[in-house]
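Inspection log for the structure reproduced underneath, given as structure tokens.
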Number of protein chains: 4
Amino acid sequence: MNPPTQTPTEPLAARIQQVQEATRGVTARYPRSYILDCIKSDRFPEEMWKALGEFGLLGLSVPEACGGSGGGVVEIVALGEALGLAGIPTLFLVVTGLGRVPIIRHGTAEQIAQFVTPTCDGSMKLCFAITEPDAGTNSFNMSTLATRSEDGWILNGQKVFISGARDADYMLVVARTQKASEVKYRTEGISLFVVDMKTPGITLRLLNVQVETAERQYQVFFDDVRLPEAALIGEAGKGAKLMFEGLNAERLLAAAAALGIGEYALAKAVDYAKQRKPFGKPIGSYQAVQHRLALAKAELEAARLMTYHAAERFDAGEDAGTQANMAKLLASRAALDAVEAAIQTHGGYAFDRDYDIITLWPMARLIAIAPVNNEMLLNYIGEHVLGLPKSY
Amino acid sequence: MNPPTQTPTEPLAARIQQVQEATRGVTARYPRSYILDCIKSDRFPEEMWKALGEFGLLGLSVPEACGGSGGGVVEIVALGEALGLAGIPTLFLVVTGLGRVPIIRHGTAEQIAQFVTPTCDGSMKLCFAITEPDAGTNSFNMSTLATRSEDGWILNGQKVFISGARDADYMLVVARTQKASEVKYRTEGISLFVVDMKTPGITLRLLNVQVETAERQYQVFFDDVRLPEAALIGEAGKGAKLMFEGLNAERLLAAAAALGIGEYALAKAVDYAKQRKPFGKPIGSYQAVQHRLALAKAELEAARLMTYHAAERFDAGEDAGTQANMAKLLASRAALDAVEAAIQTHGGYAFDRDYDIITLWPMARLIAIAPVNNEMLLNYIGEHVLGLPKSY
Amino acid sequence: MNPPTQTPTEPLAARIQQVQEATRGVTARYPRSYILDCIKSDRFPEEMWKALGEFGLLGLSVPEACGGSGGGVVEIVALGEALGLAGIPTLFLVVTGLGRVPIIRHGTAEQIAQFVTPTCDGSMKLCFAITEPDAGTNSFNMSTLATRSEDGWILNGQKVFISGARDADYMLVVARTQKASEVKYRTEGISLFVVDMKTPGITLRLLNVQVETAERQYQVFFDDVRLPEAALIGEAGKGAKLMFEGLNAERLLAAAAALGIGEYALAKAVDYAKQRKPFGKPIGSYQAVQHRLALAKAELEAARLMTYHAAERFDAGEDAGTQANMAKLLASRAALDAVEAAIQTHGGYAFDRDYDIITLWPMARLIAIAPVNNEMLLNYIGEHVLGLPKSY
Amino acid sequence: MNPPTQTPTEPLAARIQQVQEATRGVTARYPRSYILDCIKSDRFPEEMWKALGEFGLLGLSVPEACGGSGGGVVEIVALGEALGLAGIPTLFLVVTGLGRVPIIRHGTAEQIAQFVTPTCDGSMKLCFAITEPDAGTNSFNMSTLATRSEDGWILNGQKVFISGARDADYMLVVARTQKASEVKYRTEGISLFVVDMKTPGITLRLLNVQVETAERQYQVFFDDVRLPEAALIGEAGKGAKLMFEGLNAERLLAAAAALGIGEYALAKAVDYAKQRKPFGKPIGSYQAVQHRLALAKAELEAARLMTYHAAERFDAGEDAGTQANMAKLLASRAALDAVEAAIQTHGGYAFDRDYDIITLWPMARLIAIAPVNNEMLLNYIGEHVLGLPKSY
């Protein structure tokens with residue numbers, strides 16, 4: 001394993017603030033209206049992505065030696081939250097952030113140079129593929145299989161709910177190199193590959209998912225896809241641990257997106273609640289409206305503390321699984337409470353898409369389910385934190 | 001006031017069952033896929049509507065003497081629920097059902113013949129307009145004004161969230177005939193008019209609302225719209241009581257739609273929960289999944305009892321405001337719980353619109369807000385049932 | 001099976017009203033303060049019980065031919081609700097109501113004369129024993145065993161949470177007459193006995209339970225308790241069905257108690273919310289207070305409809321298990337919401353036992369757990385109503 | 001104002017751990033059974049309190065120069081949490097911790113020596129009096145009045161819900177020195193006094209509150225109580241700011257108690273859920289049980305982060321009102337969720353006081369109401385964090 005992130009010298013709050021101020025430099029130029037236009041015309045927000053690269057923001061969490069801007073998961077989480085706060089949560093950031101973690105930690109210098117460095121200026125995009133139709137949340141049950149060839153690997157199988165597959169240059173794929181039936185422990189025989197999306201044998205099917213992000217979701221089919229030896233990250237069959245490192249980062253980035261979108265919704269609701277006066281007084285002075293918003297605010301702040309707490313521990317090289325799982329669980333709940341409160345506050349107008357309230361809901365709701373559903377997080381806490389027996 | 005509905009002789013359960021069986025004759029031919037096609041091509045489900053008319057179902061709640069099929073609100077609520085159960089809740093039924101109530105109860109024979117009778121075979125459609133942009137739930141604060149002309153009335157103002165305005169032939173409009181500033185009690189000076197949608201001076205603006213029903217929502221502008229004397233239902237300035245009769249019927253029809261859609265979602269979730277087995281056992285055997293569905297089921301059943309209980313009292317000529325408000329409150333909450341449970345059960349697939357799960361949410365969510373938001377219902381219960389002081 | 005209850009000729013609302021008016025004749029004389037005194041001095045509310053008998057109320061649900069007042073479960077549920085409404089829910093009514101059901105339906109004329117008729121004037125009291133320490137909610141897992149003797153049965157085992165064991169004259173005991181390991185289906189080999197509490201071999205242990213009712217809870221030990229042949233109700237080994245009939249009645253009586261106590265708490269909260277004005281306006285005008293009370297009210301009303309709906313079906317001889325389970329589930333939740341709202345409304349004063357608010361909580365909370373916990377009811381609905389696989 | 005707490009040099013986690021380990025030295029000797037005995041015999045847990053003093057724990061948050069053990073609110077919060085974790089939350093710690101804050105920050109050296117230093121070894125106890133029967137949460141509305149005398153002040157009025165009044169040596173009293181009707185802003189004219197409980201004119205009335213702590217609650221009457229000049233802390237009429245500093249500390253100590261009691265309940269529930277097997281498998285393997293416990297755990301952890309985050313800011317001299325209010329709100333909700341989950345997990349046994357589960361509820365429930373109710377905290381967040389108009 002490569003050396004860990006350098007211990008940060010600045011206090012947490014300052015580190016977050018720096019990133020978020022820099023991000024506002026980008027989001028001021030590419031506000032939510034820009035993203036909504038991209039969504040409408042189904043095109044990737046290329047200009048914004050490039051600008052994030054130019055500001056050095058896409059290089060966050062990548063060591064400077066690898067061409068990045070330094071910092072750890074804390075910084076990229078701060079970026080994710082800041083994008084959410086501006087109303088433009090991007091799934092690409094989630095998958096890029098998570099996908100780079102195992103490559104930086106366990107890849108060779110060449111792999112880092114090829115797959116990570118070019119992501120820092122936005123010139124290259126990485127997506128991530130783990131979920132399979134039949135396995136669902138039971139990742140160990142995956143059946144996508146990479147078998148040895150004379151000069152590398154041959155990949156067969158399929159993945160689903162792959163965000164941004166069309167726009168990505170490379171895809172980090174979790175696959176079995178030994179079938180589940182051939183290993184003693186289900187965590188064995190799992191490997192990570194970086195796959196060039198232009199390789200023959202890959203086909204995409206667009207899913208009819210509408211979550212108001214620029215990235216669309218795809219089902220991806222691998223049909224005798226030939227991978228070079230250098231596509232393998234770390235050791236063959238030992239990828240489960242790498243995968244979980246990446247997944248913990250993903251949960252934190254998902255939490256960050258939730259926090260941002262929750263606060264964004266809250267801000268819109270507060271504005272409206274101050275102005276709307278059907279009975280003479282602003283509806284924000286009614287406790288049915290105000291308390292719901294206030295509770296969501298408190299929940300968001302607590303989930304925020306948990307998210308950065310987890311990110312700090314993760315960057316310190318600890319197993320931050322418990323904290324990351326709690327962060328995603330709590331942030332997704334808080335965000336949904338905030339968006340639901342914003343909907344109820346806006347009344348009928350919430351359903352007019354031109355008010356851009358209802359359009360926040362699918363993403364907020366999705367984070368209770370993806371990248372992992374909250375029930376699985378409760379299972380994790382139940383078993384691994386409380387020590388209760390397995391429930392499923 | 002015209003004589004009340006004839007006292008029904010059959011027990012409630014049998015009356016409901018008859019209607020729902022008849023409805024299945026129509027929905028078998030025009031299932032949810034038909035409606036989804038109509039929505040996609042933005043056209044009114046004309047064939048289904050006609051079929052409902054042919055089966056005599058659109059004539060429910062209209063006395064046979066007026067060309068209807070007899071029965072009361074109980075029957076039309078049963079129809080509304082049955083349409084929801086088949087996955088095709090229709091807002092037109094809600095507004096038709098509510099709009100006819102004041103005409104039947106307080107209109108002249110000519111008005112009934114002109115505005116109600118032709119709705120019974122589906123050859124004529126009625127929509128309903130009460131909400132205004134600035135008044136919101138405070139209907140008494142409306143500013144749309146009908147002033148006397150030499151031969152009738154001149155209508156000016158605007159209404160918003162008018163379902164099906166484009167497809168309707170007539171619109172029941174609640175308007176002031178005296179300004180709020182000129183009456184002693186805010187309930188005075190309100191009148192009901194039936195307006196021919198082809199009258200000059202009416203313009204429509206399509207709202208960007210996406211709730212997965214065939215009926216779209218519109219903002220409607222009245223610019224010196226000339227109405228004949230016969231457009232007025234009941235007595236000028238005394239329309240508030242008539243309006244509330246209609247609104248109570250509307251709440252019950254909204255409750256019915258909620259019940260139907262909730263059960264529809266539950267049925268889909270149960271099917272999926274029996275088949276989906278990522279860890280070997282059906283996910284329906286996990287209590288996190290099963291109990292959420294079971295609780296929603298119990299809530300739906302209780303809300304159903306309240307809905308028909310209210311409808312029976314309404315038909316008996318009682319002021320069923322308390323029961324109707326509770327029915328709408330509880331049914332909308334139960335339906336949303338059911339749909340939310342169905343979403344969580346389906347995991348990521350819930351967000352694929354081709355699975356037709358996420359598409360149930362907007363309507364279920366809307367019913368917590370429209371035709372009246374649940375906070376106003378709690379205010380009603382707080383003040384008028386519990387006797388607490390006004391809170392807004 | 002004995003002939004069913006005679007079909008009632010009066011409408012439901014009138015039947016409920018009659019019972020509840022009669023009950024007020026008793027509760028006016030024996031109000032909550034009377035019961036609180038009984039609790040303080042740990043004595044059975046003998047005078048009130050006698051008065052209920054004199055008014056014919058204890059004879060409700062017992063056919064007139066058996067010395068009762070006629071009516072069915074509807075009537076005794078109405079009595080239970082009325083006692084709750086007066087702040088004096090009594091567990092003895094629950095166990096008497098349930099215990100008599102299998103005797104009336106399946107007992108011999110002699111058994112009815114001996115065990116049921118004297119309960120109608122209050123001269124004899126019946127308690128009920130099913131739960132065992134190790135079996136908990138899994139009643140089939142009980143190990144209390146009655147074995148054949150030359151002239152009857154010998155009973156050994158223990159039961160727990162037996163309300164009123166000290167004050168009862170007879171106890172209806174559910175016991176195995178074949179061990180669970182000796183039967184093919186776990187429902188087999190279960191029998192019902194009526195046991196004279198004065199029989200040698202019965203000992204009681206008072207439990208340290210404080211739920212603010214006059215009846216205390218006991219653990220009961222049976223040590224070679226000799227029962228006559230006539231103690232057996234129905235056929236040996238075929239008692240499971242009888243037991244469930246009794247349990248469904250019990251659930252409805254528990255629901256009734258919950259409804260009553262919920263409304264009682266609500267009434268106290270409303271009174272206080274109208275008078276308390278720390279900031280000048282009554283706190284009942286704040287939506288945080290008012291809406292919570294209003295929602296509880298709506299939930300109580302819906303649960304009430306479900307409870308009487310279930311009771312009517314039960315009396316009609318139908319298997320009302322689904323409705324009875326839903327009624328208990330919903331009523332217990334609604335009651336707890338009402339009591340919790342009353343606590344929050346009273347602020348710190350809620351914790352002063354002299355205000356008699358906190359004293360309502362244990363009973364309301366208990367009904368979510370006893371006589372059967374709500375999780376088991378959700379299991380029932382999940383499996384038997386929705387058709388999902390078993391979850392436990 | 002006296003100089004602030006010295007900036008701590010050790011990281012937060014280590015500071016908390018040190019305190020909590022030291023506390024376990026005391027709680028191992030004086031476990032929950034000891035406190036339950038004290039409660040039963042209605043006596044103050046003198047031995048435990050002394051031991052806390054001997055271990056230097058009562059001196060936490062008091063500067064060493066004042067005879068304390070140093071550290072800030074962080075440390076005393078850690079103590080409070082540790083006591084809760086051991087099942088012995090003590091209200092005296094809450095009121096001592098809060099009461100000392102204004103004296104240390106704004107008192108003279110003599111006042112500190114007299115009123116604070118002797119609390120550090122437990123030889124002197126301090127209670128706190130702010131709430132009045134008519135003012136409730138509206139503290140500014142208090143009417144207890146201190147008027148100038150020739151050599152000090154004369155105090156008249158009454159306070160309610162005063163924990164530990166009988167056992168305290170001194171009481172920190174918030175009183176008006178100008179009537180509310182005589183000041184321009186309601187925050188003016190409020191002063192803080194330390195009152196010797198042996199002063200003539202003070203009478204106590206024991207309240208019938210049962211929250212399972214050693215400290216009882218009292219109503220306290222002041223009838224021409226003569227106070228020396230030196231009883232006044234800070235400047236006359238300028239006490240509102242001091243009061244809020246103390247109240248923020250109190251909220252954090254209340255949060256700490258909630259966190260501790262929540263974890264204590266959770267631990268008992270987990271133990272039971274692993275062993276109880278009515279259907280063969282431990283009930284902890286059912287998601288209805290496990291997920292409820294797991295969610296409460298996640299909420300407790302998030303509330304814990306908020307609590308210490310607030311304490312750190314408080315110690316740094318910042319206005320930590322927002323964080324302190326959120327901490328108390330979230331911790332009280334999480335604790336109640338944990339205790340409720342523990343009750344439901346234990347089933348009927350939860351109601352047997354010998355299982356010591358139901359006995360945890362009153363304290364957990366109380367913290368949602370005292371020292372300030374959660375609705376007021378939501379009001380604070382609504383107005384002061386979100387900027388919404390006042391709702392009450």
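Just so we're on the same page: first chain in the structure tokens is A, next is B, and so on; residues restart at 1 for each chain, and ligands are numbered from 1 in the order they show up.
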Kindly determine which residues of chain D lie within 6 Å of chain C, considering only C-alpha atoms, and give the answer as a PyMOL selection string.
-> chain D and resi 135-136+138+208-209+278+347+351-353+369
Hey, can you spit out that residue selection with N, CA and C atoms as an mmCIF file, in the first residue's frame?
```
data_model
loop_
_atom_site.group_PDB
_atom_site.id
_atom_site.type_symbol
_atom_site.label_atom_id
_atom_site.label_comp_id
_atom_site.auth_asym_id
_atom_site.auth_seq_id
_atom_site.Cartn_x
_atom_site.Cartn_y
_atom_site.Cartn_z
ATOM 1 N N ALA D 135 -44.626 31.718 34.339
ATOM 2 C CA ALA D 135 -43.777 32.118 33.223
ATOM 3 C C ALA D 135 -43.400 30.921 32.348
ATOM 4 N N GLY D 136 -43.204 29.782 32.956
ATOM 5 C CA GLY D 136 -42.835 28.593 32.188
ATOM 6 C C GLY D 136 -41.570 28.846 31.404
ATOM 7 N N ASN D 138 -41.048 31.035 29.280
ATOM 8 C CA ASN D 138 -40.835 32.460 29.020
ATOM 9 C C ASN D 138 -40.151 33.102 30.233
ATOM 10 N N ASN D 208 -44.611 15.985 43.422
ATOM 11 C CA ASN D 208 -44.842 14.550 43.261
ATOM 12 C C ASN D 208 -44.309 14.081 41.898
ATOM 13 N N VAL D 209 -43.015 14.333 41.723
ATOM 14 C CA VAL D 209 -42.371 13.989 40.460
ATOM 15 C C VAL D 209 -41.579 12.712 40.667
ATOM 16 N N PRO D 278 -37.927 -16.453 21.757
ATOM 17 C CA PRO D 278 -39.219 -17.140 21.844
ATOM 18 C C PRO D 278 -39.502 -18.023 20.637
ATOM 19 N N GLY D 347 -40.399 -6.210 25.630
ATOM 20 C CA GLY D 347 -41.775 -6.681 25.689
ATOM 21 C C GLY D 347 -42.371 -6.430 27.068
ATOM 22 N N PHE D 351 -42.082 -3.640 31.597
ATOM 23 C CA PHE D 351 -42.963 -2.970 32.553
ATOM 24 C C PHE D 351 -42.778 -3.468 33.976
ATOM 25 N N ASP D 352 -41.954 -4.475 34.130
ATOM 26 C CA ASP D 352 -41.623 -4.962 35.472
ATOM 27 C C ASP D 352 -40.460 -4.105 35.974
ATOM 28 N N ARG D 353 -40.712 -3.308 36.983
ATOM 29 C CA ARG D 353 -39.691 -2.360 37.439
ATOM 30 C C ARG D 353 -38.418 -3.059 37.900
ATOM 31 N N ILE D 369 -38.248 17.970 27.526
ATOM 32 C CA ILE D 369 -39.059 19.077 28.058
ATOM 33 C C ILE D 369 -38.240 20.001 28.954
#
```
From a DSSP calculation on the backbone, collect every residue of segment 213-282 of chain C in alpha helix (DSSP H) and output the set as an MDAnalysis selection string.
-> chainID C and resid 239:275
Can you list every residue of segment 220-315 of chain D that has an atom at most 10 Å from segment 11-25 of chain D, with its nearest atom pair and the distance in Å to one decimal, using only C-alpha atoms, ordered by chain then number, as CSV?
```
residue,atom,partner,partner_atom,distance
D:Tyr308,CA,D:Leu12,CA,8.3
D:His309,CA,D:Leu12,CA,9.3
D:Glu312,CA,D:Leu12,CA,8.3
```
Output N, CA and C atoms for every residue in that selection, as a compact mmCIF listing (two decimals), in the first residue's frame.
```txt
# COMPACT_ATOMS: atom_id res chain seq x y z
N TYR D 308 -20.23 17.65 21.99
CA TYR D 308 -18.83 18.03 22.28
C TYR D 308 -18.36 19.17 21.39
N HIS D 309 -18.89 19.20 20.17
CA HIS D 309 -18.58 20.33 19.28
C HIS D 309 -19.05 21.64 19.93
N GLU D 312 -16.83 22.50 22.99
CA GLU D 312 -15.55 23.08 22.59
C GLU D 312 -15.68 24.55 22.23
```
Contacts of Ile39 of chain C at 8 Å or less, counting only C-alpha atoms, minus same-chain residues fewer than 5 places along, as a ChimeraX atom specification?
-> /C:44,212-214
Save the residues we just selected, N, CA and C atoms, as a PDB file, in the first residue's frame?
```pdb
ATOM      1  N   PHE C  44     -59.019  -3.895  45.097  1.00  0.00           N
ATOM      2  CA  PHE C  44     -59.839  -3.993  43.908  1.00  0.00           C
ATOM      3  C   PHE C  44     -61.014  -3.015  44.007  1.00  0.00           C
ATOM      4  N   GLU C 212     -50.769   1.739  36.657  1.00  0.00           N
ATOM      5  CA  GLU C 212     -51.874   2.592  37.089  1.00  0.00           C
ATOM      6  C   GLU C 212     -53.243   2.007  36.792  1.00  0.00           C
ATOM      7  N   THR C 213     -53.395   0.726  37.081  1.00  0.00           N
ATOM      8  CA  THR C 213     -54.739   0.150  37.072  1.00  0.00           C
ATOM      9  C   THR C 213     -54.925  -0.554  38.403  1.00  0.00           C
ATOM     10  N   ALA C 214     -56.173  -0.767  38.728  1.00  0.00           N
ATOM     11  CA  ALA C 214     -56.466  -1.403  40.008  1.00  0.00           C
ATOM     12  C   ALA C 214     -55.974  -2.841  40.037  1.00  0.00           C
TER      13      ALA C 214
END
```
Give me the residues within 9 Å of Arg166 of chain B as a VMD selection string, counting only C-alpha atoms and dropping any in the same chain fewer than 4 places off.
-> chain B and resid 197 204 206 215 to 218
List every residue of segment 221-340 of chain B that DSSP, applied to the backbone of this structure, assigns to strand (DSSP E or B), and report them as an mmCIF file with C-alpha atoms, in the first residue's frame.
```
data_model
loop_
_atom_site.group_PDB
_atom_site.id
_atom_site.type_symbol
_atom_site.label_atom_id
_atom_site.label_comp_id
_atom_site.auth_asym_id
_atom_site.auth_seq_id
_atom_site.Cartn_x
_atom_site.Cartn_y
_atom_site.Cartn_z
ATOM 1 C CA PHE B 221 -56.999 34.101 -16.894
ATOM 2 C CA PHE B 222 -60.404 35.775 -17.130
ATOM 3 C CA ASP B 223 -60.364 39.047 -19.007
ATOM 4 C CA ASP B 224 -63.833 40.612 -19.208
ATOM 5 C CA VAL B 225 -65.457 37.244 -19.667
ATOM 6 C CA ARG B 226 -69.202 37.789 -20.203
ATOM 7 C CA LEU B 227 -71.448 35.295 -18.462
ATOM 8 C CA PRO B 228 -75.189 34.877 -18.988
ATOM 9 C CA LEU B 232 -74.987 31.650 -11.608
ATOM 10 C CA ILE B 233 -75.652 28.625 -9.380
ATOM 11 C CA LYS B 238 -74.432 33.063 -0.921
#
```
Which polymer residues have any atom within 7 Å of an atom of segment 145-149 of chain A, counting only C-alpha atoms, with same-chain residues fewer than 5 positions away left out, as number ranges by chain?
-> A: 154-157, 175-177
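Among the candidates D:Ala165, D:Glu46, D:Tyr170, D:Ala331, the residue lying nearest to Glu299 of chain A is D:Ala331 (atoms considered: only C-alpha atoms).
Rounded to one decimal, atom CA of Leu91 of chain A and atom CA of Gly164 of chain A lie 7.8 Å from each other.
The residue that comes closest to Gly84 of chain D, out of D:Asn325, D:Thr27, D:Thr9, D:Thr96 and on the basis of only C-alpha atoms, is D:Thr27.
Atom CA of Met124 of chain A is found 19.7 Å from atom CA of Ile35 of chain A.
A straight line drawn from atom CA of Val173 of chain D to atom CA of Ala129 of chain D is 4.9 Å long.
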